[in-house]
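Dropping data.cif in here (mmCIF, C-alpha atoms):
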data_run
loop_
_atom_site.label_atom_id
_atom_site.label_comp_id
_atom_site.auth_asym_id
_atom_site.auth_seq_id
_atom_site.Cartn_x
_atom_site.Cartn_y
_atom_site.Cartn_z
CA MET A 1446 110.04 112.58 90.99
CA PRO A 1447 113.41 113.04 92.68
CA PRO A 1448 114.80 109.78 94.11
CA GLU A 1449 114.84 111.17 97.67
CA LEU A 1450 111.16 112.11 97.48
CA ARG A 1451 110.22 108.74 95.97
CA LYS A 1452 112.05 106.96 98.81
CA ALA A 1453 110.23 109.12 101.39
CA HIS A 1454 106.88 108.21 99.81
CA GLN A 1455 107.76 104.53 99.83
CA LEU A 1456 108.75 104.66 103.50
CA ASN A 1457 105.53 106.49 104.34
CA ASP A 1458 103.46 103.93 102.42
CA LYS A 1459 105.16 101.10 104.31
CA ALA A 1460 104.56 102.81 107.67
CA VAL A 1461 100.84 103.25 106.91
CA MET A 1462 100.53 99.65 105.74
CA GLN A 1463 102.25 98.39 108.87
CA ALA A 1464 100.12 100.62 111.14
CA TYR A 1465 96.91 99.19 109.67
CA GLY A 1466 98.17 95.62 109.50
CA PHE A 1467 98.28 95.56 105.71
CA TRP A 1468 102.00 94.84 105.30
CA GLY A 1469 102.51 91.36 103.86
CA ARG A 1470 98.88 91.27 102.75
CA LEU A 1471 98.39 94.45 100.69
CA ASN A 1472 101.85 95.35 99.46
CA SER A 1473 100.78 97.82 96.79
CA GLU A 1474 99.64 101.41 97.07
CA PRO A 1475 96.39 100.90 95.08
CA LYS A 1476 95.33 97.97 97.26
CA CYS A 1477 96.19 99.91 100.41
CA VAL A 1478 94.23 102.97 99.28
CA ALA A 1479 91.24 100.81 98.34
CA GLU A 1480 91.23 99.17 101.77
CA LEU A 1481 91.59 102.51 103.57
CA MET A 1482 88.68 103.91 101.52
CA LYS A 1483 86.56 100.88 102.41
CA MET A 1484 87.33 101.40 106.10
CA TYR A 1485 86.48 105.11 105.81
CA GLN A 1486 83.15 104.35 104.12
CA GLU A 1487 82.24 101.85 106.84
CA LEU A 1488 83.09 104.33 109.60
CA THR A 1489 81.20 107.22 108.03
CA ALA A 1490 78.15 105.05 107.22
CA GLU A 1491 77.77 104.25 110.91
CA ARG A 1492 77.43 107.95 111.75
CA LYS A 1493 74.47 108.64 109.47
#

Write the structure described by the file as structure tokens, please.
Amino acid sequence: MPPELRKAHQLNDKAVMQAYGFWGRLNSEPKCVAELMKMYQELTAERK
């Protein structure tokens, strides 16, 4: 991956983590994705 693209991905990851209050608590992409998936599953389960 080109360095510029990698940097853009890292900045985007940080912005998402900060927006959801994960920064400082879930500082890795896999942990962030797992938490977002858990939130999604909880939200969609309520609509059934």

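Close contacts of stretch 1452-1463 of chain A, defined as residues with an atom at most 10 Å away when counting only C-alpha atoms, with chain neighbours fewer than 6 positions off set aside, comprise Met1446, Gly1469, Arg1470, Leu1471, Asn1472, Ser1473, Glu1474, Cys1477, Val1478 and Leu1481 of chain A.
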
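The interatomic distance for the pair atom CA of A:Met1482 and atom CA of A:Phe1467 works out to 13.4 Å.
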
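Here atom CA of A:Lys1476 and atom CA of A:Leu1450 stand 21.2 Å from one another.
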
Atomic separation - atom CA of A:Tyr1485 relative to atom CA of A:Arg1451, Å: 26.0 Å
